[in-house]
$ cat query16.cif   # mmCIF, C-alpha atoms and all ligand atoms
data_run
#
loop_
_atom_site.label_atom_id
_atom_site.label_comp_id
_atom_site.auth_asym_id
_atom_site.auth_seq_id
_atom_site.Cartn_x
_atom_site.Cartn_y
_atom_site.Cartn_z
CA MET A 1 -42.66 -43.52 -51.27
CA TYR A 2 -43.44 -41.18 -54.11
CA THR A 3 -46.16 -39.45 -52.08
CA GLN A 4 -43.76 -39.06 -49.19
CA GLY A 5 -41.20 -37.41 -51.48
CA LEU A 6 -43.82 -34.97 -52.72
CA ALA A 7 -44.89 -34.21 -49.18
CA GLN A 8 -41.31 -33.42 -48.12
CA ALA A 9 -40.19 -31.39 -51.09
CA PRO A 10 -42.38 -28.31 -50.46
CA ASP A 11 -41.35 -28.36 -46.77
CA ALA A 12 -37.66 -28.16 -47.64
CA ALA A 13 -38.33 -25.44 -50.21
CA ASP A 14 -40.45 -23.50 -47.71
CA ARG A 15 -37.64 -23.73 -45.16
CA ARG A 16 -35.14 -22.41 -47.69
CA ILE A 17 -37.40 -19.43 -48.48
CA GLU A 18 -37.96 -18.82 -44.79
CA ASP A 19 -34.19 -18.97 -44.12
CA ALA A 20 -33.48 -16.59 -47.01
CA ASP A 21 -36.08 -14.17 -45.59
CA LYS A 22 -34.54 -14.38 -42.13
CA LEU A 23 -31.07 -13.85 -43.57
CA ARG A 24 -32.22 -10.79 -45.51
CA ALA A 25 -33.97 -9.32 -42.47
CA PHE A 26 -30.85 -10.00 -40.36
CA GLN A 27 -28.55 -8.22 -42.83
CA GLU A 28 -31.00 -5.30 -43.01
CA ARG A 29 -30.78 -4.92 -39.23
CA ILE A 30 -26.99 -4.99 -39.41
CA ASP A 31 -26.97 -2.42 -42.23
CA ALA A 32 -29.29 -0.19 -40.19
CA GLU A 33 -26.73 -0.32 -37.32
CA GLU A 34 -29.14 -2.20 -35.05
CA ARG A 35 -27.57 -4.30 -32.30
CA ILE A 36 -28.07 -8.07 -32.39
CA GLU A 37 -28.93 -9.48 -28.95
CA PRO A 38 -28.58 -13.05 -27.62
CA ASN A 39 -32.21 -14.09 -28.16
CA ASP A 40 -32.41 -12.69 -31.70
CA TRP A 41 -32.22 -14.98 -34.71
CA MET A 42 -28.74 -15.04 -36.23
CA PRO A 43 -27.09 -17.10 -38.98
CA GLU A 44 -25.02 -19.98 -37.62
CA ALA A 45 -21.87 -18.63 -39.33
CA TYR A 46 -22.29 -15.25 -37.54
CA ARG A 47 -22.62 -17.06 -34.18
CA ARG A 48 -19.57 -19.25 -34.92
CA THR A 49 -17.46 -16.24 -35.97
CA LEU A 50 -18.33 -14.41 -32.77
CA VAL A 51 -17.64 -17.42 -30.55
CA ARG A 52 -14.26 -17.86 -32.28
CA GLN A 53 -13.23 -14.22 -31.97
CA ILE A 54 -14.61 -13.55 -28.47
CA SER A 55 -13.18 -16.76 -27.00
CA GLN A 56 -9.76 -16.09 -28.58
CA HIS A 57 -9.95 -12.59 -27.19
CA ALA A 58 -10.83 -13.93 -23.70
CA HIS A 59 -7.98 -16.47 -23.81
CA SER A 60 -5.59 -13.66 -24.82
CA GLU A 61 -6.54 -11.61 -21.78
CA ILE A 62 -6.04 -14.60 -19.48
CA ILE A 63 -2.73 -15.79 -20.97
CA GLY A 64 -1.77 -12.11 -21.26
CA MET A 65 -1.49 -11.90 -17.47
CA GLN A 66 1.62 -14.07 -17.51
CA PRO A 67 4.28 -11.86 -19.13
CA GLU A 68 3.54 -8.95 -16.79
CA GLY A 69 2.72 -11.14 -13.78
CA ASN A 70 6.34 -12.22 -14.09
CA TRP A 71 7.42 -8.75 -12.85
CA ILE A 72 5.00 -8.12 -9.95
CA THR A 73 7.47 -9.32 -7.32
CA ARG A 74 10.30 -7.36 -8.95
CA ALA A 75 8.61 -4.01 -9.58
CA PRO A 76 11.08 -1.22 -8.67
CA SER A 77 8.83 0.58 -6.13
CA LEU A 78 5.63 0.11 -4.14
CA ARG A 79 3.81 2.54 -6.47
CA ARG A 80 4.88 0.55 -9.54
CA LYS A 81 3.94 -2.73 -7.86
CA ALA A 82 0.45 -1.49 -6.92
CA ALA A 83 -0.19 -0.22 -10.47
CA LEU A 84 1.08 -3.43 -12.09
CA LEU A 85 -0.94 -5.62 -9.74
CA ALA A 86 -4.09 -3.63 -10.58
CA LYS A 87 -3.35 -3.85 -14.30
CA VAL A 88 -2.88 -7.62 -14.27
CA GLN A 89 -6.11 -8.01 -12.28
CA ASP A 90 -7.89 -5.82 -14.85
CA GLU A 91 -6.74 -8.16 -17.64
CA CYS A 92 -8.23 -11.09 -15.71
CA GLY A 93 -11.50 -9.15 -15.39
CA HIS A 94 -11.50 -8.53 -19.16
CA GLY A 95 -11.15 -12.26 -19.73
CA LEU A 96 -14.14 -12.89 -17.48
CA TYR A 97 -16.41 -10.32 -19.20
CA LEU A 98 -15.43 -11.82 -22.52
CA TYR A 99 -16.14 -15.43 -21.49
CA ALA A 100 -19.51 -14.19 -20.21
CA ALA A 101 -20.19 -12.45 -23.56
CA ALA A 102 -19.31 -15.66 -25.45
CA GLU A 103 -21.58 -17.68 -23.14
CA THR A 104 -24.57 -15.64 -24.36
CA LEU A 105 -23.98 -17.37 -27.72
CA GLY A 106 -24.63 -20.80 -26.21
CA VAL A 107 -21.11 -22.01 -25.53
CA ALA A 108 -20.07 -22.96 -21.99
CA ARG A 109 -17.03 -21.38 -20.38
CA GLU A 110 -15.72 -24.85 -19.46
CA GLU A 111 -15.83 -25.84 -23.13
CA MET A 112 -13.84 -22.74 -24.17
CA VAL A 113 -11.26 -23.31 -21.44
CA ASP A 114 -10.96 -26.99 -22.42
CA GLN A 115 -10.28 -25.94 -26.02
CA LEU A 116 -7.53 -23.61 -24.86
CA LEU A 117 -5.94 -26.23 -22.62
CA ALA A 118 -6.11 -28.82 -25.39
CA GLY A 119 -4.22 -26.42 -27.66
CA LYS A 120 -7.21 -26.20 -30.06
CA ALA A 121 -8.01 -22.52 -29.44
CA LYS A 122 -5.81 -19.58 -30.32
CA TYR A 123 -4.72 -16.63 -28.20
CA SER A 124 -2.82 -13.55 -29.29
CA SER A 125 0.67 -14.18 -30.67
CA ILE A 126 2.06 -11.28 -28.63
CA PHE A 127 1.90 -13.15 -25.32
CA ASN A 128 4.44 -15.71 -26.48
CA TYR A 129 7.35 -13.29 -26.11
CA PRO A 130 9.40 -13.05 -22.89
CA THR A 131 9.59 -10.10 -20.49
CA LEU A 132 13.33 -9.84 -19.89
CA THR A 133 13.69 -6.46 -18.15
CA TRP A 134 11.53 -3.93 -16.28
CA ALA A 135 11.40 -1.83 -19.47
CA ASP A 136 9.37 -4.63 -21.05
CA ILE A 137 6.57 -3.77 -18.61
CA GLY A 138 6.64 -0.20 -19.93
CA ALA A 139 6.73 -1.45 -23.53
CA ILE A 140 3.78 -3.81 -22.99
CA GLY A 141 1.60 -1.06 -21.51
CA TRP A 142 2.59 1.46 -24.16
CA LEU A 143 2.63 -0.79 -27.23
CA VAL A 144 0.59 -3.93 -26.49
CA ASP A 145 -2.22 -2.10 -24.71
CA GLY A 146 -1.88 0.67 -27.30
CA ALA A 147 -2.42 -1.86 -30.10
CA ALA A 148 -5.24 -3.52 -28.14
CA ILE A 149 -7.04 -0.16 -27.80
CA MET A 150 -6.65 0.60 -31.50
CA ASN A 151 -8.26 -2.75 -32.28
CA GLN A 152 -10.92 -2.60 -29.54
CA ILE A 153 -12.30 0.95 -29.88
CA PRO A 154 -14.05 -0.03 -33.14
CA LEU A 155 -15.28 -3.22 -31.40
CA CYS A 156 -17.35 -0.96 -29.08
CA ARG A 157 -19.52 -0.53 -32.22
CA CYS A 158 -19.58 -4.25 -33.02
CA SER A 159 -23.02 -5.47 -34.15
CA TYR A 160 -23.28 -8.01 -31.31
CA GLY A 161 -24.57 -6.22 -28.20
CA PRO A 162 -22.90 -8.16 -25.36
CA TYR A 163 -19.45 -7.99 -27.04
CA ALA A 164 -19.79 -4.28 -27.87
CA ARG A 165 -20.86 -3.41 -24.31
CA ALA A 166 -18.02 -5.45 -22.76
CA MET A 167 -15.57 -3.53 -24.96
CA ILE A 168 -16.60 -0.13 -23.59
CA ARG A 169 -15.36 -0.90 -20.10
CA VAL A 170 -12.35 -2.83 -21.40
CA CYS A 171 -11.23 0.15 -23.52
CA LYS A 172 -11.46 2.55 -20.57
CA GLU A 173 -9.20 0.28 -18.54
CA GLU A 174 -6.80 -0.36 -21.43
CA SER A 175 -6.40 3.35 -21.83
CA PHE A 176 -5.17 3.63 -18.21
CA HIS A 177 -2.82 0.69 -18.89
CA GLN A 178 -1.40 2.38 -21.95
CA ARG A 179 -0.66 5.55 -19.98
CA GLN A 180 1.02 3.71 -17.12
CA GLY A 181 3.22 1.90 -19.68
CA TYR A 182 4.13 5.11 -21.47
CA GLU A 183 4.94 6.75 -18.14
CA ILE A 184 7.33 3.89 -17.28
CA MET A 185 9.04 4.42 -20.65
CA LEU A 186 9.19 8.19 -20.11
CA THR A 187 10.79 7.74 -16.69
CA LEU A 188 13.39 5.34 -18.10
CA CYS A 189 14.12 7.62 -21.05
CA ARG A 190 14.68 10.57 -18.71
CA GLY A 191 16.91 8.44 -16.47
CA ASN A 192 20.55 7.47 -16.94
CA ALA A 193 22.12 6.05 -20.11
CA ALA A 194 21.65 2.42 -18.99
CA GLN A 195 17.93 3.03 -18.33
CA LYS A 196 17.43 4.66 -21.71
CA GLU A 197 19.25 1.77 -23.37
CA MET A 198 16.94 -0.66 -21.56
CA ALA A 199 13.92 1.25 -22.94
CA GLN A 200 15.38 1.17 -26.47
CA ASP A 201 16.09 -2.56 -26.20
CA ALA A 202 12.47 -3.21 -25.11
CA LEU A 203 11.15 -1.18 -28.06
CA ASN A 204 13.47 -3.12 -30.40
CA ARG A 205 12.06 -6.44 -29.21
CA TRP A 206 8.36 -5.52 -28.96
CA TRP A 207 7.84 -3.34 -32.05
CA TRP A 208 7.52 -6.00 -34.72
CA PRO A 209 5.50 -8.52 -32.63
CA CYS A 210 3.08 -5.65 -31.82
CA LEU A 211 2.54 -4.98 -35.51
CA MET A 212 1.68 -8.69 -35.89
CA MET A 213 -1.02 -8.42 -33.21
CA PHE A 214 -3.36 -6.92 -35.84
CA GLY A 215 -3.38 -10.21 -37.72
CA PRO A 216 -2.22 -11.30 -41.18
CA PRO A 217 -2.15 -8.79 -44.06
CA ASP A 218 -5.56 -8.16 -45.62
CA SER A 219 -4.61 -10.26 -48.64
CA ALA A 220 -4.21 -13.30 -46.34
CA SER A 221 -7.00 -12.63 -43.82
CA GLN A 222 -9.65 -15.37 -44.06
CA HIS A 223 -12.34 -13.79 -41.92
CA THR A 224 -12.22 -10.05 -42.66
CA ASP A 225 -14.77 -10.02 -45.51
CA ALA A 226 -17.53 -11.81 -43.59
CA SER A 227 -16.75 -9.99 -40.34
CA THR A 228 -16.91 -6.61 -42.11
CA LYS A 229 -20.20 -7.47 -43.80
CA TRP A 230 -21.64 -8.35 -40.38
CA LYS A 231 -20.08 -5.25 -38.77
CA ILE A 232 -18.14 -7.30 -36.27
CA LYS A 233 -15.00 -5.73 -37.73
CA ARG A 234 -15.15 -2.05 -38.73
CA PHE A 235 -11.62 -1.83 -40.12
CA THR A 236 -9.33 -4.34 -41.79
CA ASN A 237 -6.15 -5.67 -40.15
CA ASP A 238 -3.90 -3.47 -42.33
CA GLU A 239 -6.00 -0.34 -41.69
CA LEU A 240 -5.73 -0.77 -37.92
CA ARG A 241 -2.02 -1.59 -38.14
CA GLN A 242 -1.46 1.64 -40.07
CA LYS A 243 -3.47 3.67 -37.54
CA PHE A 244 -1.33 2.20 -34.75
CA ILE A 245 1.93 3.04 -36.53
CA ASP A 246 0.79 6.60 -37.27
CA ALA A 247 -0.15 7.14 -33.61
CA THR A 248 2.90 5.45 -32.10
CA VAL A 249 5.86 6.69 -34.14
CA PRO A 250 5.53 10.30 -32.85
CA GLN A 251 5.27 8.92 -29.30
CA ALA A 252 8.57 7.04 -29.80
CA HIS A 253 10.16 10.24 -31.11
CA TYR A 254 8.94 12.15 -28.05
CA LEU A 255 10.66 9.54 -25.87
CA GLY A 256 13.85 10.03 -27.93
CA LEU A 257 13.76 6.38 -29.05
CA THR A 258 14.37 4.91 -32.50
CA VAL A 259 11.74 2.67 -34.06
CA PRO A 260 13.65 -0.46 -35.18
CA ASP A 261 12.66 -0.18 -38.83
CA PRO A 262 15.27 1.28 -41.18
CA GLU A 263 12.67 1.64 -43.92
CA LEU A 264 10.24 3.68 -41.81
CA ARG A 265 9.55 7.03 -43.46
CA TYR A 266 6.84 9.66 -43.41
CA ASP A 267 4.96 9.95 -46.66
CA GLU A 268 3.81 13.56 -47.09
CA ALA A 269 1.35 12.70 -49.86
CA SER A 270 -0.67 10.15 -47.88
CA GLY A 271 0.07 11.55 -44.42
CA HIS A 272 1.08 8.08 -43.21
CA TRP A 273 4.25 6.46 -41.88
CA GLN A 274 5.35 3.80 -44.32
CA HIS A 275 6.94 0.74 -42.76
CA GLY A 276 9.30 -2.03 -43.85
CA ALA A 277 8.31 -5.65 -44.46
CA ILE A 278 6.84 -7.64 -41.56
CA ASP A 279 8.26 -11.13 -41.01
CA TRP A 280 5.06 -13.14 -41.57
CA GLU A 281 6.97 -16.40 -41.25
CA GLU A 282 7.73 -15.52 -37.63
CA PHE A 283 4.00 -14.78 -37.08
CA LYS A 284 3.03 -18.16 -38.58
CA GLN A 285 5.51 -19.97 -36.38
CA VAL A 286 4.29 -18.23 -33.23
CA ILE A 287 0.61 -18.97 -33.89
CA ALA A 288 1.54 -22.57 -34.76
CA GLY A 289 2.91 -22.95 -31.22
CA ASN A 290 6.60 -22.44 -31.96
CA GLY A 291 7.17 -18.98 -30.46
CA PRO A 292 9.74 -18.35 -27.74
CA CYS A 293 7.31 -18.89 -24.82
CA ASN A 294 4.31 -20.87 -26.19
CA ALA A 295 5.15 -24.06 -24.28
CA GLN A 296 5.85 -22.18 -21.05
CA ARG A 297 2.62 -20.15 -21.27
CA MET A 298 0.47 -23.24 -21.84
CA GLU A 299 2.18 -25.26 -19.14
CA ARG A 300 1.64 -22.44 -16.65
CA ARG A 301 -2.01 -22.12 -17.65
CA ARG A 302 -2.61 -25.89 -17.27
CA GLN A 303 -0.91 -25.91 -13.88
CA THR A 304 -3.02 -22.95 -12.72
CA GLU A 305 -6.18 -24.74 -13.84
CA GLU A 306 -5.15 -27.81 -11.84
CA ASP A 307 -4.22 -25.76 -8.79
CA GLY A 308 -7.58 -23.98 -8.89
CA ALA A 309 -9.67 -27.18 -9.14
CA TRP A 310 -10.48 -27.15 -5.40
CA VAL A 311 -11.82 -23.57 -5.63
CA ARG A 312 -14.22 -24.53 -8.43
CA GLU A 313 -15.27 -27.64 -6.50
CA ALA A 314 -15.93 -25.59 -3.34
CA ALA A 315 -17.89 -22.97 -5.33
CA ARG A 316 -20.03 -25.70 -6.93
CA ALA A 317 -20.70 -27.34 -3.54
CA PHE A 318 -21.68 -23.97 -2.08
CA ALA A 319 -24.01 -23.24 -5.02
CA GLU A 320 -25.67 -26.66 -4.60
CA LYS A 321 -26.13 -26.06 -0.88
CA GLU A 322 -27.70 -22.65 -1.55
CA LYS A 323 -30.04 -24.15 -4.15
CA ARG A 324 -31.20 -26.78 -1.61
CA ARG A 325 -31.67 -24.11 1.06
CA HIS A 326 -33.87 -22.04 -1.30
CA ARG A 327 -35.91 -25.14 -2.24
CA VAL A 328 -36.56 -25.92 1.42
CA ALA A 329 -37.49 -22.28 2.13
CA ALA A 330 -39.92 -22.28 -0.83
N1 LIG B 1 -2.42 -13.96 -32.77
O1 LIG B 1 -8.74 -13.88 -40.81
P1 LIG B 1 -7.97 -13.22 -39.71
C1 LIG B 1 -4.82 -7.57 -25.39
C2 LIG B 1 -5.54 -15.75 -36.43
S1 LIG B 1 -6.02 -8.49 -26.14
C3 LIG B 1 -2.94 -15.21 -32.92
O2 LIG B 1 -7.45 -11.86 -39.98
P2 LIG B 1 -9.83 -12.21 -37.73
C4 LIG B 1 -5.12 -6.99 -24.03
C5 LIG B 1 -7.03 -15.60 -36.47
O3 LIG B 1 -7.60 -15.91 -35.22
C6 LIG B 1 -5.25 -9.06 -27.63
N2 LIG B 1 -3.78 -15.53 -33.93
O4 LIG B 1 -8.84 -13.28 -38.37
C7 LIG B 1 -3.97 -7.16 -23.14
C8 LIG B 1 -7.39 -16.58 -37.56
O5 LIG B 1 -7.29 -17.91 -37.06
P3 LIG B 1 -8.59 -18.91 -36.90
C9 LIG B 1 -6.21 -9.90 -28.38
C10 LIG B 1 -4.10 -14.56 -34.81
O6 LIG B 1 -10.45 -12.84 -36.54
C11 LIG B 1 -2.91 -6.27 -23.15
C12 LIG B 1 -6.24 -16.43 -38.53
O7 LIG B 1 -5.15 -15.90 -37.78
N3 LIG B 1 -7.17 -9.06 -29.03
O8 LIG B 1 -3.83 -7.41 -25.96
C13 LIG B 1 -3.62 -13.24 -34.68
O9 LIG B 1 -10.74 -11.64 -38.76
C14 LIG B 1 -1.83 -6.44 -22.31
C15 LIG B 1 -6.58 -15.51 -39.71
O10 LIG B 1 -6.75 -14.15 -39.28
C16 LIG B 1 -8.20 -9.60 -29.70
O11 LIG B 1 -8.37 -10.81 -29.75
C17 LIG B 1 -2.74 -12.96 -33.63
N4 LIG B 1 -2.20 -11.75 -33.45
O12 LIG B 1 -8.86 -11.02 -37.26
C18 LIG B 1 -3.94 -8.24 -22.26
C19 LIG B 1 -9.15 -8.61 -30.33
N5 LIG B 1 -4.12 -12.50 -35.69
O13 LIG B 1 -9.48 -18.28 -35.86
C20 LIG B 1 -2.84 -8.41 -21.40
C21 LIG B 1 -10.31 -9.28 -31.01
C22 LIG B 1 -4.89 -13.34 -36.42
O14 LIG B 1 -9.26 -18.97 -38.24
C23 LIG B 1 -1.78 -7.50 -21.43
N6 LIG B 1 -9.93 -9.99 -32.21
N7 LIG B 1 -4.87 -14.55 -35.89
O15 LIG B 1 -8.02 -20.20 -36.43
C24 LIG B 1 -9.83 -9.42 -33.42
O16 LIG B 1 -10.02 -8.23 -33.59
C25 LIG B 1 -9.54 -10.32 -34.60
O17 LIG B 1 -9.83 -11.65 -34.21
C26 LIG B 1 -8.06 -10.21 -35.11
C27 LIG B 1 -7.88 -11.22 -36.26
C28 LIG B 1 -7.80 -8.82 -35.65
C29 LIG B 1 -7.06 -10.55 -34.02
#
$ encode --input "query16.cif" --output "structure tokens" --more "lines below"
Ligand code: FAQ
Amino acid sequence: MYTQGLAQAPDAADRRIEDADKLRAFQERIDAEERIEPNDWMPEAYRRTLVRQISQHAHSEIIGMQPEGNWITRAPSLRRKAALLAKVQDECGHGLYLYAAAETLGVAREEMVDQLLAGKAKYSSIFNYPTLTWADIGAIGWLVDGAAIMNQIPLCRCSYGPYARAMIRVCKEESFHQRQGYEIMLTLCRGNAAQKEMAQDALNRWWWPCLMMFGPPDSASQHTDASTKWKIKRFTNDELRQKFIDATVPQAHYLGLTVPDPELRYDEASGHWQHGAIDWEEFKQVIAGNGPCNAQRMERRRQTEEDGAWVREAARAFAEKEKRRHRVAA
């Protein structure tokens, strides 16, 4: 027994040294701005963090089709309908690239989808708010896509190659979405008094939830430190939120709209717009499942999964048939 113990001890110590060496070499690659690729060694915590963030991101894109999908049949013109249809399809495509990026980390798409359907995986809080009027479609493009771009441009430089590359295309498409949203708002604001009021009402309802999209304040963010060290995140939640506010307030002024924050003021010294307090209790409630549309969004997603079962079955049967055909040919 004693001999066995002696034989094992150096092995364990050797493994620890080897792991420490690998960890050091990994961090050196990150610090040198090298990209980490799927077959490279990576610490388990880095892999887990990426799977968590990328899968949440993918789920957000997929659930995020619902609020706008709600208005496809009611778009006010053929031009608006075509643009909205294309936008919603783009969001679906983003979800698919992101699931594919997460799969390179060894997690199956089915597993990620199961976690979402079981209520174990998160998706962005913003998609739990209702789209009550056509102006909400303008506000989502302008503000939600605007916030998404602010968050995702730095992700194009994320240390994990497949995620960073997926983000490049996603950002290009989000930028078109943001412009189509702003153009809807501009049209409404140049319209009659009722249209302008509709635009103002949409801004009133979407402003604060959009600020929450960037995540909890830095003081309460659990993952920022590790994600920054690994260059997954390049900016903190509060830094990105501030960048979004600074970019968006002048756009609201150009539209002739009022940002629904009585404490908002421009600080000459710092060159930033200072904002009032965010209702973090509301944020907590929404991510805990108690937002205005959480139940509806999940029910719709589960129903869609059920309705699509025959498509997946047919695709699997076709793939099997093709595999057999190739085997026979070979
Ligand atoms: N909603 O420690 P942190 C879009 C969670 S895509 C729900 O700060 P982290 C396109 C967080 O997961 C929008 N949960 O976390 C579109 C964590 O919980 P966990 C989605 C949130 O990861 C437009 C906990 O709180 N974009 O809009 C939220 O360092 C129009 C502690 O937070 C992305 O996912 C939230 N808002 O920073 C589609 C971008 N915020 O996992 C359709 C990628 C935080 O421990 C129509 N993700 N949580 O259980 C990220 O950049 C980061 O994950 C953050 C959060 C910044 C969201």
$ residues_around --input "query16.cif" --residues "stretch 217-228 of chain A" --least-positions-apart "5" --cutoff "6 Å" --atoms "all atoms listed in the file" --output "PyMOL selection string"
chain A and resi 233-234+238
$ residues_near_ligand --input "query16.cif" --ligand "ligand LIG 1 (chain B)" --cutoff "8 Å" --atoms "only C-alpha atoms and all ligand atoms" --output "PDB file with C-alpha atoms, keeping the file's coordinate frame"
ATOM      1  CA  THR A  49     -17.460 -16.240 -35.970  1.00  0.00           C
ATOM      2  CA  ARG A  52     -14.260 -17.860 -32.280  1.00  0.00           C
ATOM      3  CA  GLN A  53     -13.230 -14.220 -31.970  1.00  0.00           C
ATOM      4  CA  ILE A  54     -14.610 -13.550 -28.470  1.00  0.00           C
ATOM      5  CA  GLN A  56      -9.760 -16.090 -28.580  1.00  0.00           C
ATOM      6  CA  HIS A  57      -9.950 -12.590 -27.190  1.00  0.00           C
ATOM      7  CA  ALA A  58     -10.830 -13.930 -23.700  1.00  0.00           C
ATOM      8  CA  SER A  60      -5.590 -13.660 -24.820  1.00  0.00           C
ATOM      9  CA  GLU A  61      -6.540 -11.610 -21.780  1.00  0.00           C
ATOM     10  CA  ILE A  62      -6.040 -14.600 -19.480  1.00  0.00           C
ATOM     11  CA  ILE A  63      -2.730 -15.790 -20.970  1.00  0.00           C
ATOM     12  CA  GLY A  64      -1.770 -12.110 -21.260  1.00  0.00           C
ATOM     13  CA  MET A  65      -1.490 -11.900 -17.470  1.00  0.00           C
ATOM     14  CA  PRO A  67       4.280 -11.860 -19.130  1.00  0.00           C
ATOM     15  CA  GLU A  68       3.540  -8.950 -16.790  1.00  0.00           C
ATOM     16  CA  VAL A  88      -2.880  -7.620 -14.270  1.00  0.00           C
ATOM     17  CA  GLU A  91      -6.740  -8.160 -17.640  1.00  0.00           C
ATOM     18  CA  ALA A 121      -8.010 -22.520 -29.440  1.00  0.00           C
ATOM     19  CA  LYS A 122      -5.810 -19.580 -30.320  1.00  0.00           C
ATOM     20  CA  TYR A 123      -4.720 -16.630 -28.200  1.00  0.00           C
ATOM     21  CA  SER A 124      -2.820 -13.550 -29.290  1.00  0.00           C
ATOM     22  CA  SER A 125       0.670 -14.180 -30.670  1.00  0.00           C
ATOM     23  CA  ILE A 126       2.060 -11.280 -28.630  1.00  0.00           C
ATOM     24  CA  PHE A 127       1.900 -13.150 -25.320  1.00  0.00           C
ATOM     25  CA  ILE A 140       3.780  -3.810 -22.990  1.00  0.00           C
ATOM     26  CA  GLY A 141       1.600  -1.060 -21.510  1.00  0.00           C
ATOM     27  CA  VAL A 144       0.590  -3.930 -26.490  1.00  0.00           C
ATOM     28  CA  ASP A 145      -2.220  -2.100 -24.710  1.00  0.00           C
ATOM     29  CA  ALA A 147      -2.420  -1.860 -30.100  1.00  0.00           C
ATOM     30  CA  ALA A 148      -5.240  -3.520 -28.140  1.00  0.00           C
ATOM     31  CA  ASN A 151      -8.260  -2.750 -32.280  1.00  0.00           C
ATOM     32  CA  GLN A 152     -10.920  -2.600 -29.540  1.00  0.00           C
ATOM     33  CA  LEU A 155     -15.280  -3.220 -31.400  1.00  0.00           C
ATOM     34  CA  GLU A 174      -6.800  -0.360 -21.430  1.00  0.00           C
ATOM     35  CA  HIS A 177      -2.820   0.690 -18.890  1.00  0.00           C
ATOM     36  CA  MET A 212       1.680  -8.690 -35.890  1.00  0.00           C
ATOM     37  CA  MET A 213      -1.020  -8.420 -33.210  1.00  0.00           C
ATOM     38  CA  PHE A 214      -3.360  -6.920 -35.840  1.00  0.00           C
ATOM     39  CA  GLY A 215      -3.380 -10.210 -37.720  1.00  0.00           C
ATOM     40  CA  PRO A 216      -2.220 -11.300 -41.180  1.00  0.00           C
ATOM     41  CA  PRO A 217      -2.150  -8.790 -44.060  1.00  0.00           C
ATOM     42  CA  ASP A 218      -5.560  -8.160 -45.620  1.00  0.00           C
ATOM     43  CA  ALA A 220      -4.210 -13.300 -46.340  1.00  0.00           C
ATOM     44  CA  SER A 221      -7.000 -12.630 -43.820  1.00  0.00           C
ATOM     45  CA  GLN A 222      -9.650 -15.370 -44.060  1.00  0.00           C
ATOM     46  CA  HIS A 223     -12.340 -13.790 -41.920  1.00  0.00           C
ATOM     47  CA  THR A 224     -12.220 -10.050 -42.660  1.00  0.00           C
ATOM     48  CA  SER A 227     -16.750  -9.990 -40.340  1.00  0.00           C
ATOM     49  CA  LYS A 233     -15.000  -5.730 -37.730  1.00  0.00           C
ATOM     50  CA  THR A 236      -9.330  -4.340 -41.790  1.00  0.00           C
ATOM     51  CA  ASN A 237      -6.150  -5.670 -40.150  1.00  0.00           C
ATOM     52  CA  PHE A 283       4.000 -14.780 -37.080  1.00  0.00           C
ATOM     53  CA  VAL A 286       4.290 -18.230 -33.230  1.00  0.00           C
ATOM     54  CA  ILE A 287       0.610 -18.970 -33.890  1.00  0.00           C
TER      55      ILE A 287
END
$ closest_atom_pairs --input "query16.cif" --of "stretch 215-260 of chain A" --to "stretch 25-36 of chain A" --cutoff "10 Å" --atoms "all atoms listed in the file" --output "JSON lines"
{"residue": "A:Lys229", "atom": "CA", "partner": "A:Gln27", "partner_atom": "CA", "distance": 8.4}
{"residue": "A:Trp230", "atom": "CA", "partner": "A:Ile30", "partner_atom": "CA", "distance": 6.4}
{"residue": "A:Lys231", "atom": "CA", "partner": "A:Ile30", "partner_atom": "CA", "distance": 6.9}
{"residue": "A:Ile232", "atom": "CA", "partner": "A:Ile30", "partner_atom": "CA", "distance": 9.7}
$ closest_residue --input "query16.cif" --among "A:Leu186, A:Cys210, A:Ala199, A:Ala194" --to "A:Gln251" --atoms "all atoms listed in the file"
A:Leu186
$ closest_residue --input "query16.cif" --among "A:Gly256, A:Ala202, A:Phe235, A:Leu240" --to "A:Arg190" --atoms "only C-alpha atoms"
A:Gly256
$ closest_residue --input "query16.cif" --among "A:Ile184, A:Phe244, A:Thr258, A:Leu78" --to "A:Ile149" --atoms "only C-alpha atoms"
A:Phe244
$ atom_distance --input "query16.cif" --atom1 "atom CA of A:Ser55" --atom2 "atom CA of A:Glu320"
27.5 Å
$ atom_distance --input "query16.cif" --atom1 "atom CA of A:His272" --atom2 "atom CA of A:Tyr182"
22.2 Å
$ atom_distance --input "query16.cif" --atom1 "atom CA of A:Glu268" --atom2 "atom CA of A:Met150"
22.8 Å
$ residues_around --input "query16.cif" --residues "A:Leu105" --least-positions-apart "6" --cutoff "9 Å" --atoms "only C-alpha atoms" --output "MDAnalysis selection string"
chainID A and resid 38:39 47:48 50:51
$ closest_residue --input "query16.cif" --among "A:Gln296, A:Thr131, A:Gln115, A:Gln180" --to "A:Gly69" --atoms "only C-alpha atoms"
A:Thr131
$ closest_residue --input "query16.cif" --among "A:Val249, A:Trp206, A:Lys243, A:Ile278" --to "A:Pro130" --atoms "all atoms listed in the file"
A:Trp206
$ residues_around --input "query16.cif" --residues "A:Tyr129" --least-positions-apart "4" --cutoff "8 Å" --atoms "only C-alpha atoms" --output "list in words"
Pro67, Gly291, Pro292 and Cys293 of chain A
$ closest_residue --input "query16.cif" --among "A:Gly271, A:Asp21, A:Arg74, A:His59" --to "A:Leu116" --atoms "all atoms listed in the file"
A:His59
$ residues_around --input "query16.cif" --residues "A:Leu98" --least-positions-apart "2" --cutoff "7 Å" --atoms "only C-alpha atoms" --output "number ranges by chain"
A: 54, 58, 94-96, 100-102, 166
$ residues_around --input "query16.cif" --residues "A:Gly119" --least-positions-apart "6" --cutoff "12 Å" --atoms "all atoms listed in the file" --output "ChimeraX atom specification"
/A:56,59,112-113,287-289,294-295,297-299,301-302
